[in-house]
$ cat structure-v6.cif   # mmCIF, C-alpha atoms and all ligand atoms
data_my_file
loop_
_atom_site.label_atom_id
_atom_site.label_comp_id
_atom_site.auth_asym_id
_atom_site.auth_seq_id
_atom_site.Cartn_x
_atom_site.Cartn_y
_atom_site.Cartn_z
CA MET A 1 11.90 -14.95 -18.37
CA ASP A 2 14.12 -12.05 -19.49
CA MET A 3 15.38 -9.32 -17.18
CA SER A 4 12.75 -6.70 -17.97
CA SER A 5 9.81 -9.04 -17.41
CA LYS A 6 11.47 -10.20 -14.18
CA GLN A 7 11.57 -6.59 -13.07
CA LEU A 8 7.89 -6.11 -13.93
CA ASN A 9 6.89 -9.46 -12.43
CA PRO A 10 9.44 -10.26 -9.72
CA ASP A 11 8.97 -13.20 -7.36
CA ILE A 12 8.91 -10.77 -4.44
CA ILE A 13 8.50 -7.03 -4.03
CA ILE A 14 9.80 -5.38 -0.86
CA ILE A 15 8.46 -1.90 -0.19
CA GLY A 16 11.09 0.17 1.64
CA ALA A 17 14.87 -0.05 1.33
CA GLY A 18 15.68 0.75 4.95
CA ILE A 19 17.52 -1.67 7.21
CA ILE A 20 14.48 -3.98 7.53
CA GLY A 21 13.73 -4.20 3.79
CA LEU A 22 17.40 -4.76 2.92
CA SER A 23 17.87 -7.37 5.64
CA ILE A 24 14.81 -9.27 4.37
CA ALA A 25 16.14 -9.10 0.80
CA TYR A 26 19.55 -10.30 1.92
CA HIS A 27 18.20 -13.26 3.89
CA LEU A 28 15.82 -14.24 1.08
CA LEU A 29 18.63 -14.26 -1.46
CA GLU A 30 20.99 -16.10 0.87
CA ALA A 31 18.43 -18.90 1.21
CA ALA A 32 17.12 -18.83 -2.37
CA PRO A 33 19.68 -17.22 -4.72
CA LYS A 34 17.50 -17.67 -7.81
CA LEU A 35 14.63 -15.53 -6.51
CA SER A 36 13.98 -12.27 -8.32
CA VAL A 37 13.61 -9.58 -5.67
CA THR A 38 12.63 -5.96 -6.33
CA LEU A 39 12.83 -3.22 -3.71
CA LEU A 40 10.86 0.01 -4.09
CA GLU A 41 12.18 3.05 -2.22
CA LYS A 42 10.37 6.37 -2.33
CA GLU A 43 13.42 8.43 -1.39
CA LYS A 44 16.01 9.21 -4.05
CA MET A 45 18.91 7.94 -1.98
CA LEU A 46 19.87 5.30 0.54
CA GLY A 47 19.32 6.11 4.23
CA GLY A 48 16.54 8.67 3.71
CA GLY A 49 14.25 6.93 6.25
CA SER A 50 14.60 6.20 9.98
CA THR A 51 17.67 4.04 9.59
CA GLY A 52 19.80 6.96 8.45
CA LYS A 53 18.88 8.88 11.64
CA GLY A 54 19.48 6.03 14.09
CA THR A 55 21.96 6.17 16.95
CA GLY A 56 23.30 2.69 16.26
CA SER A 57 22.83 1.15 19.65
CA ILE A 58 22.55 -2.64 19.91
CA ARG A 59 21.19 -3.83 23.25
CA TYR A 60 20.68 -7.13 25.04
CA GLN A 61 19.72 -5.38 28.25
CA LEU A 62 15.99 -5.43 27.54
CA SER A 63 13.05 -6.20 29.81
CA SER A 64 11.03 -8.15 27.28
CA PRO A 65 12.15 -11.77 26.76
CA GLN A 66 10.91 -11.64 23.15
CA LEU A 67 12.98 -8.55 22.37
CA ARG A 68 16.02 -10.13 24.07
CA ARG A 69 15.53 -13.17 21.85
CA LEU A 70 15.59 -10.93 18.75
CA SER A 71 18.84 -9.37 20.02
CA LEU A 72 20.38 -12.80 20.62
CA LEU A 73 19.29 -13.97 17.16
CA SER A 74 20.96 -10.89 15.65
CA ARG A 75 24.23 -11.16 17.61
CA ASP A 76 26.23 -13.42 15.31
CA PHE A 77 25.30 -11.35 12.27
CA PHE A 78 26.78 -8.20 13.85
CA LEU A 79 29.82 -10.01 15.25
CA LYS A 80 30.68 -11.45 11.84
CA PHE A 81 29.44 -8.51 9.78
CA GLU A 82 32.81 -6.97 8.90
CA SER A 83 34.29 -10.26 7.73
CA THR A 84 31.11 -11.39 5.92
CA PHE A 85 30.64 -8.14 4.02
CA ASP A 86 34.24 -6.90 4.01
CA ALA A 87 33.01 -3.48 5.16
CA PRO A 88 33.84 -1.47 8.31
CA ILE A 89 30.84 -0.74 10.57
CA TRP A 90 32.77 0.46 13.67
CA TYR A 91 31.22 -2.24 15.83
CA LEU A 92 32.19 -1.70 19.47
CA GLU A 93 30.94 -3.46 22.60
CA LYS A 94 31.13 -0.46 24.87
CA GLY A 95 28.21 -1.47 27.08
CA CYS A 96 25.06 0.32 28.16
CA LEU A 97 24.57 1.76 31.63
CA MET A 98 20.94 1.98 32.77
CA LEU A 99 20.39 4.29 35.75
CA ALA A 100 17.59 4.21 38.33
CA ALA A 101 16.75 7.37 40.24
CA ASP A 102 13.57 6.03 41.88
CA GLU A 103 12.54 2.89 43.75
CA GLY A 104 10.29 1.63 40.94
CA SER A 105 13.06 1.75 38.33
CA TRP A 106 15.58 0.26 40.76
CA ASN A 107 13.31 -2.68 41.57
CA HIS A 108 12.71 -3.16 37.88
CA LEU A 109 16.43 -3.18 37.12
CA GLN A 110 17.05 -5.79 39.82
CA LEU A 111 14.32 -8.06 38.48
CA THR A 112 15.46 -7.61 34.88
CA THR A 113 19.06 -8.42 35.79
CA GLU A 114 18.00 -11.87 37.03
CA GLN A 115 16.03 -12.54 33.84
CA VAL A 116 18.73 -11.25 31.48
CA VAL A 117 21.44 -13.29 33.21
CA ALA A 118 19.18 -16.38 33.08
CA ASP A 119 19.18 -15.93 29.28
CA GLY A 120 22.98 -16.22 29.28
CA ILE A 121 23.56 -12.49 28.78
CA PRO A 122 26.15 -10.85 31.07
CA MET A 123 24.65 -7.99 33.10
CA GLU A 124 25.94 -6.43 36.29
CA LEU A 125 23.93 -4.74 39.02
CA LEU A 126 25.72 -1.69 40.44
CA LYS A 127 24.73 -0.18 43.77
CA GLN A 128 25.10 3.55 44.32
CA GLU A 129 28.67 3.44 45.68
CA GLU A 130 29.92 1.17 42.86
CA LEU A 131 28.19 3.38 40.34
CA LEU A 132 29.89 6.53 41.55
CA LYS A 133 33.27 4.83 41.89
CA ASN A 134 33.17 3.62 38.27
CA PHE A 135 31.35 6.60 36.75
CA PRO A 136 32.33 9.63 38.88
CA TYR A 137 30.87 12.11 36.36
CA LEU A 138 27.30 11.04 37.25
CA HIS A 139 25.16 13.16 39.59
CA SER A 140 26.45 12.05 42.99
CA SER A 141 23.19 11.72 44.92
CA ARG A 142 20.58 11.12 42.24
CA PHE A 143 20.87 7.41 41.50
CA LEU A 144 20.00 4.42 43.67
CA GLY A 145 21.88 2.14 41.33
CA GLY A 146 22.26 0.94 37.78
CA THR A 147 22.99 -1.96 35.48
CA LEU A 148 25.73 -2.51 32.94
CA CYS A 149 25.62 -5.04 30.12
CA PRO A 150 29.05 -5.39 28.47
CA TRP A 151 27.60 -6.96 25.32
CA ASP A 152 25.58 -3.84 24.53
CA ALA A 153 27.25 -2.35 21.50
CA TYR A 154 27.39 0.30 18.82
CA ALA A 155 27.62 0.02 15.04
CA ASP A 156 27.24 2.67 12.37
CA PRO A 157 23.69 2.33 10.94
CA TYR A 158 24.53 3.91 7.59
CA ALA A 159 27.61 1.70 7.15
CA VAL A 160 25.49 -1.40 7.84
CA LEU A 161 22.81 -0.19 5.44
CA ALA A 162 25.33 0.56 2.67
CA ALA A 163 27.02 -2.84 3.03
CA LEU A 164 23.66 -4.64 2.91
CA TYR A 165 22.61 -2.60 -0.12
CA ALA A 166 25.81 -3.54 -1.96
CA ALA A 167 25.34 -7.19 -0.98
CA VAL A 168 21.75 -7.47 -2.24
CA ARG A 169 22.72 -5.75 -5.49
CA ARG A 170 25.55 -8.27 -5.95
CA LYS A 171 23.03 -11.04 -5.32
CA GLY A 172 20.88 -9.72 -8.15
CA ALA A 173 18.15 -7.69 -6.39
CA THR A 174 16.77 -4.67 -8.22
CA VAL A 175 16.43 -1.51 -6.14
CA HIS A 176 14.34 1.36 -7.52
CA PHE A 177 15.00 4.66 -5.74
CA GLY A 178 12.55 7.53 -6.11
CA ARG A 179 9.72 5.05 -6.71
CA GLU A 180 6.88 5.21 -4.21
CA ALA A 181 4.37 2.39 -3.82
CA THR A 182 1.12 4.33 -3.97
CA LYS A 183 -1.42 1.51 -3.80
CA LEU A 184 -1.45 -2.22 -3.31
CA ILE A 185 -3.55 -4.27 -5.71
CA LEU A 186 -5.63 -7.28 -4.68
CA ASN A 187 -7.32 -10.16 -6.37
CA GLY A 188 -9.95 -11.21 -3.82
CA ASP A 189 -8.04 -12.13 -0.67
CA THR A 190 -4.66 -12.39 -2.43
CA ILE A 191 -2.05 -9.73 -3.10
CA LYS A 192 -1.38 -9.18 -6.75
CA GLY A 193 0.79 -6.15 -7.30
CA VAL A 194 1.59 -2.58 -6.48
CA GLU A 195 0.95 0.69 -8.24
CA THR A 196 3.71 3.25 -8.39
CA GLY A 197 3.89 6.68 -10.01
CA GLN A 198 5.98 5.03 -12.74
CA GLY A 199 3.72 2.06 -13.49
CA THR A 200 2.45 -1.14 -11.91
CA ILE A 201 4.62 -4.05 -10.78
CA TRP A 202 3.05 -7.47 -10.31
CA SER A 203 3.96 -10.11 -7.75
CA PRO A 204 2.15 -12.68 -5.56
CA LEU A 205 4.47 -11.83 -2.63
CA ILE A 206 4.83 -8.31 -1.27
CA VAL A 207 6.55 -7.21 1.94
CA ASN A 208 5.63 -4.06 3.81
CA ALA A 209 8.97 -2.71 5.10
CA ALA A 210 7.91 0.93 4.90
CA GLY A 211 9.08 1.85 8.43
CA PRO A 212 7.06 4.77 9.86
CA TYR A 213 4.85 4.75 6.72
CA ALA A 214 3.78 1.13 7.16
CA ALA A 215 0.24 1.97 8.30
CA GLN A 216 -0.41 4.26 5.32
CA LEU A 217 0.68 1.56 2.90
CA ALA A 218 -1.42 -1.13 4.58
CA ALA A 219 -4.43 1.20 4.60
CA THR A 220 -4.47 1.13 0.78
CA VAL A 221 -5.91 -2.39 1.07
CA GLY A 222 -8.07 -1.67 4.11
CA ILE A 223 -5.69 -3.07 6.74
CA THR A 224 -5.41 -1.11 9.98
CA LEU A 225 -1.89 -1.35 11.37
CA PRO A 226 -1.30 0.13 14.83
CA VAL A 227 2.06 1.62 13.86
CA GLN A 228 2.48 5.29 14.66
CA PRO A 229 5.29 7.71 13.78
CA PHE A 230 6.92 9.72 16.59
CA ARG A 231 9.49 12.46 16.16
CA ARG A 232 12.74 12.02 18.08
CA GLN A 233 15.07 14.98 18.58
CA VAL A 234 18.81 14.44 18.83
CA TYR A 235 21.28 17.05 20.14
CA VAL A 236 24.85 16.82 18.84
CA CYS A 237 27.15 18.35 21.46
CA THR A 238 30.79 18.44 22.50
CA ASN A 239 31.84 15.67 24.87
CA PRO A 240 31.43 16.64 28.57
CA LYS A 241 34.93 17.30 29.89
CA ASP A 242 34.94 14.59 32.59
CA VAL A 243 33.35 11.81 30.48
CA PRO A 244 36.25 9.59 29.29
CA PRO A 245 36.57 7.90 25.87
CA ALA A 246 34.78 4.55 25.28
CA THR A 247 32.04 5.47 27.75
CA PRO A 248 28.99 3.18 27.64
CA LEU A 249 25.66 4.40 26.36
CA ILE A 250 24.12 6.05 29.43
CA VAL A 251 20.36 6.01 30.01
CA ASP A 252 18.54 7.70 32.90
CA LEU A 253 15.32 5.69 33.21
CA SER A 254 13.47 8.36 35.16
CA THR A 255 13.70 11.02 32.46
CA GLY A 256 14.57 8.93 29.40
CA PHE A 257 17.71 11.04 28.89
CA TYR A 258 20.54 9.28 27.10
CA LEU A 259 24.13 10.07 26.20
CA HIS A 260 25.77 8.25 23.32
CA GLN A 261 29.43 9.07 22.87
CA GLU A 262 30.63 9.00 19.27
CA ALA A 263 33.71 6.96 18.32
CA SER A 264 36.06 9.97 18.31
CA ALA A 265 35.00 10.80 21.94
CA ARG A 266 34.92 14.44 20.83
CA THR A 267 31.17 14.62 20.35
CA VAL A 268 28.11 13.06 21.97
CA LEU A 269 24.53 12.48 20.82
CA LEU A 270 22.04 13.41 23.52
CA GLY A 271 18.29 12.83 23.53
CA GLY A 272 15.52 10.70 24.92
CA THR A 273 13.35 13.05 26.97
CA ASP A 274 10.84 13.73 24.18
CA LYS A 275 8.57 10.77 24.82
CA ASP A 276 5.41 12.85 25.06
CA THR A 277 5.29 14.06 21.46
CA TRP A 278 2.16 13.40 19.44
CA PRO A 279 2.21 11.03 16.47
CA GLY A 280 3.14 12.68 13.18
CA PHE A 281 5.64 12.91 10.37
CA GLU A 282 6.73 16.48 11.16
CA GLU A 283 10.54 16.45 11.28
CA VAL A 284 11.12 20.11 12.14
CA VAL A 285 13.40 20.77 15.17
CA ASP A 286 11.47 22.00 18.22
CA LYS A 287 13.77 24.49 19.95
CA SER A 288 11.17 25.26 22.62
CA VAL A 289 11.99 22.03 24.49
CA ALA A 290 15.75 22.57 24.52
CA GLU A 291 15.90 24.34 27.89
CA ASP A 292 14.09 21.51 29.69
CA PHE A 293 16.18 19.01 27.82
CA PHE A 294 19.49 20.46 28.94
CA LEU A 295 18.16 20.70 32.50
CA ALA A 296 17.46 16.96 32.41
CA ALA A 297 20.97 16.42 31.04
CA THR A 298 22.59 18.19 34.00
CA GLU A 299 20.49 16.15 36.43
CA THR A 300 22.20 13.03 35.05
CA ILE A 301 25.67 14.41 34.22
CA PRO A 302 26.32 17.80 35.88
CA SER A 303 29.25 18.69 33.57
CA THR A 304 26.88 18.86 30.59
CA ILE A 305 26.28 22.42 31.78
CA ASP A 306 29.53 23.38 30.01
CA ILE A 307 29.11 21.51 26.74
CA LYS A 308 28.72 23.22 23.37
CA TRP A 309 25.45 22.53 21.55
CA LEU A 310 26.60 22.03 17.93
CA ARG A 311 23.42 21.08 16.06
CA THR A 312 20.10 19.29 16.33
CA TYR A 313 18.33 16.87 14.03
CA THR A 314 15.17 14.82 14.20
CA GLY A 315 14.14 11.42 12.98
CA ILE A 316 10.89 9.47 12.97
CA CYS A 317 10.54 6.36 15.08
CA GLU A 318 7.75 3.89 14.30
CA GLN A 319 5.97 2.43 17.33
CA THR A 320 3.30 -0.12 18.19
CA PRO A 321 1.19 0.16 21.38
CA ASP A 322 3.20 -2.59 23.13
CA PHE A 323 6.58 -1.64 21.62
CA HIS A 324 6.93 -5.07 20.04
CA PRO A 325 7.17 -5.47 16.27
CA ILE A 326 4.50 -6.79 13.96
CA ILE A 327 5.86 -9.68 11.90
CA GLY A 328 3.95 -12.11 9.73
CA GLU A 329 1.46 -12.49 6.92
CA ALA A 330 -1.35 -9.96 7.08
CA PRO A 331 -4.51 -11.61 8.44
CA GLY A 332 -6.95 -12.40 5.64
CA LEU A 333 -4.60 -11.26 2.88
CA LYS A 334 -2.49 -13.94 1.25
CA GLY A 335 0.99 -13.01 0.12
CA PHE A 336 1.21 -9.68 1.98
CA PHE A 337 3.90 -9.82 4.68
CA LEU A 338 4.42 -7.27 7.45
CA ALA A 339 7.72 -6.36 9.11
CA ASN A 340 6.72 -3.23 10.94
CA GLY A 341 6.62 -1.26 14.18
CA LEU A 342 10.14 -2.05 15.36
CA SER A 343 9.61 0.57 18.10
CA GLY A 344 13.13 1.95 18.47
CA HIS A 345 14.86 -1.41 17.97
CA GLY A 346 14.81 -1.70 14.19
CA PHE A 347 18.54 -1.39 13.71
CA MET A 348 19.57 -3.87 16.38
CA HIS A 349 16.86 -6.40 15.43
CA ALA A 350 17.10 -6.13 11.63
CA PRO A 351 19.25 -9.27 11.23
CA ALA A 352 16.73 -11.42 13.15
CA VAL A 353 13.69 -9.86 11.48
CA GLY A 354 15.23 -10.39 8.02
CA ARG A 355 15.87 -14.04 8.74
CA ILE A 356 12.42 -14.63 10.27
CA VAL A 357 10.53 -12.97 7.39
CA ALA A 358 12.62 -14.92 4.84
CA ASP A 359 11.75 -18.15 6.69
CA LEU A 360 8.04 -17.29 6.72
CA ILE A 361 7.99 -16.47 3.02
CA LEU A 362 10.06 -19.43 1.86
CA ASN A 363 8.97 -22.13 4.34
CA GLY A 364 5.69 -20.85 5.78
CA LYS A 365 7.19 -21.06 9.30
CA THR A 366 10.27 -20.19 11.32
CA GLU A 367 12.23 -22.14 13.91
CA GLN A 368 13.82 -18.95 15.26
CA ILE A 369 11.13 -17.76 17.64
CA ASP A 370 7.46 -18.24 18.57
CA ILE A 371 6.10 -15.97 15.85
CA ASN A 372 2.67 -15.73 17.53
CA LEU A 373 4.23 -13.20 19.91
CA PHE A 374 4.55 -10.75 17.02
CA HIS A 375 1.35 -11.73 15.28
CA PRO A 376 -0.41 -8.86 13.46
CA ASP A 377 -3.69 -10.05 15.01
CA ARG A 378 -2.63 -9.61 18.62
CA PHE A 379 -4.05 -6.09 18.92
CA ALA A 380 -7.46 -7.02 17.52
CA LYS A 381 -7.58 -10.09 19.76
CA GLY A 382 -6.51 -8.11 22.83
CA TYR A 383 -3.47 -10.16 23.79
CA LEU A 384 -0.90 -7.43 23.75
CA THR A 385 2.49 -8.03 25.25
CA GLU A 386 3.06 -6.23 28.56
CA PRO A 387 4.35 -2.67 28.09
CA ILE A 388 7.91 -2.42 29.32
CA LEU A 389 10.16 -0.03 31.16
CA LEU A 390 13.72 -0.75 30.16
CA ASP A 391 13.19 -1.19 26.49
CA ASN A 392 12.13 2.29 25.51
CA TYR A 393 14.16 4.07 28.12
CA SER A 394 11.36 5.60 30.12
CA VAL A 395 8.51 4.96 32.50
CA LYS A 396 6.30 7.35 30.54
CA ASP A 397 6.54 5.14 27.46
CA ALA A 398 5.60 2.11 29.48
CA VAL A 399 2.23 3.58 30.36
CA ARG A 400 1.26 5.15 27.05
CA THR A 401 -1.31 3.16 25.13
C1 LIG B 501 16.67 9.32 16.37
C2 LIG B 501 16.53 7.83 16.26
C3 LIG B 501 17.43 7.02 16.94
C4 LIG B 501 17.31 5.62 16.84
N1 LIG B 501 18.23 4.86 17.49
C5 LIG B 501 18.17 3.51 17.36
C6 LIG B 501 19.15 2.69 17.97
O1 LIG B 501 20.07 3.18 18.61
N2 LIG B 501 19.04 1.34 17.81
C7 LIG B 501 18.02 0.76 17.10
O2 LIG B 501 17.97 -0.47 17.02
N3 LIG B 501 17.07 1.51 16.52
C8 LIG B 501 17.13 2.86 16.63
N4 LIG B 501 16.18 3.65 16.04
C9 LIG B 501 15.07 2.99 15.35
C10 LIG B 501 15.52 2.51 14.00
O3 LIG B 501 16.21 3.53 13.32
C11 LIG B 501 14.29 2.03 13.21
O4 LIG B 501 13.55 1.11 13.98
C12 LIG B 501 14.73 1.36 11.92
O5 LIG B 501 15.56 2.19 11.17
C13 LIG B 501 13.50 0.96 11.11
O6 LIG B 501 13.96 0.46 9.88
P1 LIG B 501 12.96 0.35 8.67
O7 LIG B 501 13.72 -0.22 7.55
O8 LIG B 501 11.72 -0.33 9.13
O9 LIG B 501 12.54 1.86 8.40
P2 LIG B 501 13.24 2.98 7.47
O10 LIG B 501 14.68 3.05 7.66
O11 LIG B 501 12.44 4.22 7.67
O12 LIG B 501 13.00 2.39 6.03
C14 LIG B 501 11.72 2.36 5.44
C15 LIG B 501 11.88 2.90 4.05
O13 LIG B 501 10.64 2.76 3.37
C16 LIG B 501 10.51 3.86 2.51
N5 LIG B 501 9.08 3.97 2.19
C17 LIG B 501 8.07 4.28 3.03
N6 LIG B 501 6.89 4.24 2.38
C18 LIG B 501 7.17 3.87 1.10
C19 LIG B 501 6.37 3.66 -0.04
N7 LIG B 501 5.02 3.80 -0.02
N8 LIG B 501 6.98 3.31 -1.21
C20 LIG B 501 8.33 3.15 -1.27
N9 LIG B 501 9.14 3.36 -0.20
C21 LIG B 501 8.56 3.70 0.97
C22 LIG B 501 11.06 5.02 3.31
O14 LIG B 501 11.46 6.07 2.48
C23 LIG B 501 12.22 4.36 4.05
O15 LIG B 501 13.45 4.56 3.38
C24 LIG B 501 16.26 5.04 16.09
C25 LIG B 501 15.37 5.86 15.41
C26 LIG B 501 15.50 7.24 15.47
C27 LIG B 501 14.54 8.10 14.71
#

$ encode --input "structure-v6.cif" --output "structure tokens"
Amino acid sequence: MDMSSKQLNPDIIIIGAGIIGLSIAYHLLEAAPKLSVTLLEKEKMLGGGSTGKGTGSIRYQLSSPQLRRLSLLSRDFFLKFESTFDAPIWYLEKGCLMLAADEGSWNHLQLTTEQVVADGIPMELLKQEELLKNFPYLHSSRFLGGTLCPWDAYADPYAVLAALYAAVRRKGATVHFGREATKLILNGDTIKGVETGQGTIWSPLIVNAAGPYAAQLAATVGITLPVQPFRRQVYVCTNPKDVPPATPLIVDLSTGFYLHQEASARTVLLGGTDKDTWPGFEEVVDKSVAEDFFLAATETIPSTIDIKWLRTYTGICEQTPDFHPIIGEAPGLKGFFLANGLSGHGFMHAPAVGRIVADLILNGKTEQIDINLFHPDRFAKGYLTEPILLDNYSVKDAVRT
């Protein structure tokens, strides 16, 4: 088969060249170097989807055992990333500090600490006095306590994406930018190909890695995917004067507010209180919520009253009703694989998801995790995973259905 027919009839087509699509391509080609893999990306450049907007946090401090397992499965990949790919990603284990301002959150943190530690992940419970001693810039009377996980880390999402892109290209994958998959093509109950504005590409194996657009793509073959897009607004500000360098990611569970300090310690990314937005792809900045946002910021860190608001951007986060991803072959549709609805954890879990999807495609099973927990059918069958508090930063998220 020559190159051009391979491109028109690749072994596998991956739709979406974000962190999930590229991680799947990488793991497929690691395991089976002779595969011909084609990625279709509707944007004209790398990083045009959610991955390019991500904050880069990698967390083990998660309430859900399944999500913790995905973090643990991804750990080695991040730890060895720079030497494997010979590319800097500014990986730093600076920790994440979760803060509880109410009894419910505090009880939840205490329970989660036991479970996280039982999984072999270090996590410390800090009572109010320890919290204020170690983090004196926090609001002095607001918090009952908090938790700190020293493994929680940061890496630059675009740097990871770019290194993966270069690696899959070196391994022979074809990546078409500016080429949108407009319609999937079936032959009975089997996937056959995909239509694009620039012609049809045929393959018996297609992966949906379309991020927030996953449901639209699946709908072209009548599959209903409960993956919804939510706008997230991020405020880039100067570092509060009393917050020292190498400060952990700080999350106030009662409001969802977070502070992520950038590597230079000159600027911070703030956000997290906009959990009540409606689903949609609108990426315009909503200035009307800024006043309430900065009020929430001062409730967590009073010195934010003096910071300079430099700019604001938004990104779209894809979410499922139980905040767990959908991974596996689409029910009733042979050859169509789903890797969707990463629900705010797509960057940190991309290594595990890539490996799992590659296993499922190449071996029909995976030894990494009980895949039934992420089964696309779980919503139809009514066995959703429990909604969770810690994992999406806020109580409000835990009750939305
Ligand atoms: C503000 C913000 C902060 C975040 N912070 C974190 C964090 O700290 N840690 C973390 O783990 N996660 C974080 N996330 C979530 C994380 O960014 C996502 O879960 C992750 O990027 C999803 O990766 P993806 O590859 O599935 O999606 P994307 O990166 O969106 O990639 C999907 C790609 O598919 C393309 N596409 C869609 N439809 C088609 C089509 N029909 N044809 C061809 N191409 C198509 C899109 O253009 C896109 O490039 C954050 C998200 C946002 C918005």

$ closest_atom_pairs --input "structure-v6.cif" --of "chain A" --to "ligand LIG 501 (chain B)" --cutoff "6 Å" --atoms "all atoms listed in the file" --output "tab-separated table"
residue	atom	partner	partner_atom	distance
A:Ile15	CA	B:LIG501	C20	5.2
A:Gly16	CA	B:LIG501	O13	3.1
A:Ala17	CA	B:LIG501	C15	5.0
A:Gly18	CA	B:LIG501	O12	3.3
A:Ile19	CA	B:LIG501	O7	4.1
A:Ile20	CA	B:LIG501	O7	3.8
A:Gly21	CA	B:LIG501	O7	5.5
A:Leu40	CA	B:LIG501	C20	4.9
A:Glu41	CA	B:LIG501	N9	3.7
A:Lys42	CA	B:LIG501	N9	3.9
A:Glu43	CA	B:LIG501	O14	4.9
A:Gly48	CA	B:LIG501	O15	5.2
A:Gly49	CA	B:LIG501	O11	3.6
A:Ser50	CA	B:LIG501	O11	3.7
A:Thr51	CA	B:LIG501	O5	3.2
A:Lys53	CA	B:LIG501	C1	5.2
A:Gly54	CA	B:LIG501	C4	3.5
A:Thr55	CA	B:LIG501	O1	3.9
A:Gly56	CA	B:LIG501	O1	4.0
A:Ser57	CA	B:LIG501	O1	3.6
A:Ile58	CA	B:LIG501	N2	5.7
A:Arg179	CA	B:LIG501	C20	5.9
A:Glu180	CA	B:LIG501	N8	3.6
A:Ala181	CA	B:LIG501	N8	3.8
A:Thr182	CA	B:LIG501	N7	5.6
A:Ala209	CA	B:LIG501	O8	5.4
A:Ala210	CA	B:LIG501	O13	3.6
A:Gly211	CA	B:LIG501	O9	3.5
A:Pro212	CA	B:LIG501	O11	5.8
A:Tyr213	CA	B:LIG501	N6	4.8
A:Leu217	CA	B:LIG501	N7	5.7
A:Arg232	CA	B:LIG501	C1	5.1
A:Gly315	CA	B:LIG501	C27	3.8
A:Ile316	CA	B:LIG501	C27	4.3
A:Cys317	CA	B:LIG501	C27	4.4
A:Leu342	CA	B:LIG501	O4	4.8
A:Ser343	CA	B:LIG501	O4	5.7
A:Gly344	CA	B:LIG501	C9	3.8
A:His345	CA	B:LIG501	O2	3.4
A:Gly346	CA	B:LIG501	O4	3.1
A:Phe347	CA	B:LIG501	O2	3.5
A:Met348	CA	B:LIG501	O2	3.8

$ write_last_selection --input "structure-v6.cif" --atoms "C-alpha atoms" --output "mmCIF file, keeping the file's coordinate frame"
data_model
loop_
_atom_site.group_PDB
_atom_site.id
_atom_site.type_symbol
_atom_site.label_atom_id
_atom_site.label_comp_id
_atom_site.auth_asym_id
_atom_site.auth_seq_id
_atom_site.Cartn_x
_atom_site.Cartn_y
_atom_site.Cartn_z
ATOM 1 C CA ILE A 15 8.460 -1.900 -0.190
ATOM 2 C CA GLY A 16 11.090 0.170 1.640
ATOM 3 C CA ALA A 17 14.870 -0.050 1.330
ATOM 4 C CA GLY A 18 15.680 0.750 4.950
ATOM 5 C CA ILE A 19 17.520 -1.670 7.210
ATOM 6 C CA ILE A 20 14.480 -3.980 7.530
ATOM 7 C CA GLY A 21 13.730 -4.200 3.790
ATOM 8 C CA LEU A 40 10.860 0.010 -4.090
ATOM 9 C CA GLU A 41 12.180 3.050 -2.220
ATOM 10 C CA LYS A 42 10.370 6.370 -2.330
ATOM 11 C CA GLU A 43 13.420 8.430 -1.390
ATOM 12 C CA GLY A 48 16.540 8.670 3.710
ATOM 13 C CA GLY A 49 14.250 6.930 6.250
ATOM 14 C CA SER A 50 14.600 6.200 9.980
ATOM 15 C CA THR A 51 17.670 4.040 9.590
ATOM 16 C CA LYS A 53 18.880 8.880 11.640
ATOM 17 C CA GLY A 54 19.480 6.030 14.090
ATOM 18 C CA THR A 55 21.960 6.170 16.950
ATOM 19 C CA GLY A 56 23.300 2.690 16.260
ATOM 20 C CA SER A 57 22.830 1.150 19.650
ATOM 21 C CA ILE A 58 22.550 -2.640 19.910
ATOM 22 C CA ARG A 179 9.720 5.050 -6.710
ATOM 23 C CA GLU A 180 6.880 5.210 -4.210
ATOM 24 C CA ALA A 181 4.370 2.390 -3.820
ATOM 25 C CA THR A 182 1.120 4.330 -3.970
ATOM 26 C CA ALA A 209 8.970 -2.710 5.100
ATOM 27 C CA ALA A 210 7.910 0.930 4.900
ATOM 28 C CA GLY A 211 9.080 1.850 8.430
ATOM 29 C CA PRO A 212 7.060 4.770 9.860
ATOM 30 C CA TYR A 213 4.850 4.750 6.720
ATOM 31 C CA LEU A 217 0.680 1.560 2.900
ATOM 32 C CA ARG A 232 12.740 12.020 18.080
ATOM 33 C CA GLY A 315 14.140 11.420 12.980
ATOM 34 C CA ILE A 316 10.890 9.470 12.970
ATOM 35 C CA CYS A 317 10.540 6.360 15.080
ATOM 36 C CA LEU A 342 10.140 -2.050 15.360
ATOM 37 C CA SER A 343 9.610 0.570 18.100
ATOM 38 C CA GLY A 344 13.130 1.950 18.470
ATOM 39 C CA HIS A 345 14.860 -1.410 17.970
ATOM 40 C CA GLY A 346 14.810 -1.700 14.190
ATOM 41 C CA PHE A 347 18.540 -1.390 13.710
ATOM 42 C CA MET A 348 19.570 -3.870 16.380
#

$ residues_around --input "structure-v6.cif" --residues "Leu225 (chain A)" --least-positions-apart "3" --cutoff "12 Å" --atoms "only C-alpha atoms" --output "NGL selection string"
:A and (208 or 210-222 or 228-229 or 318-321 or 325-327 or 330-331 or 338-341 or 375-380)

$ closest_residue --input "structure-v6.cif" --among "A:Gly146, A:Gly382, A:Gly47, A:Gly335" --to "Tyr165 (chain A)" --atoms "only C-alpha atoms"
A:Gly47

$ residues_around --input "structure-v6.cif" --residues "Glu262 (chain A)" --least-positions-apart "2" --cutoff "12 Å" --atoms "all atoms listed in the file" --output "PyMOL selection string"
chain A and resi 55-57+90-92+94+154-156+236-239+243-249+259-260+264-270
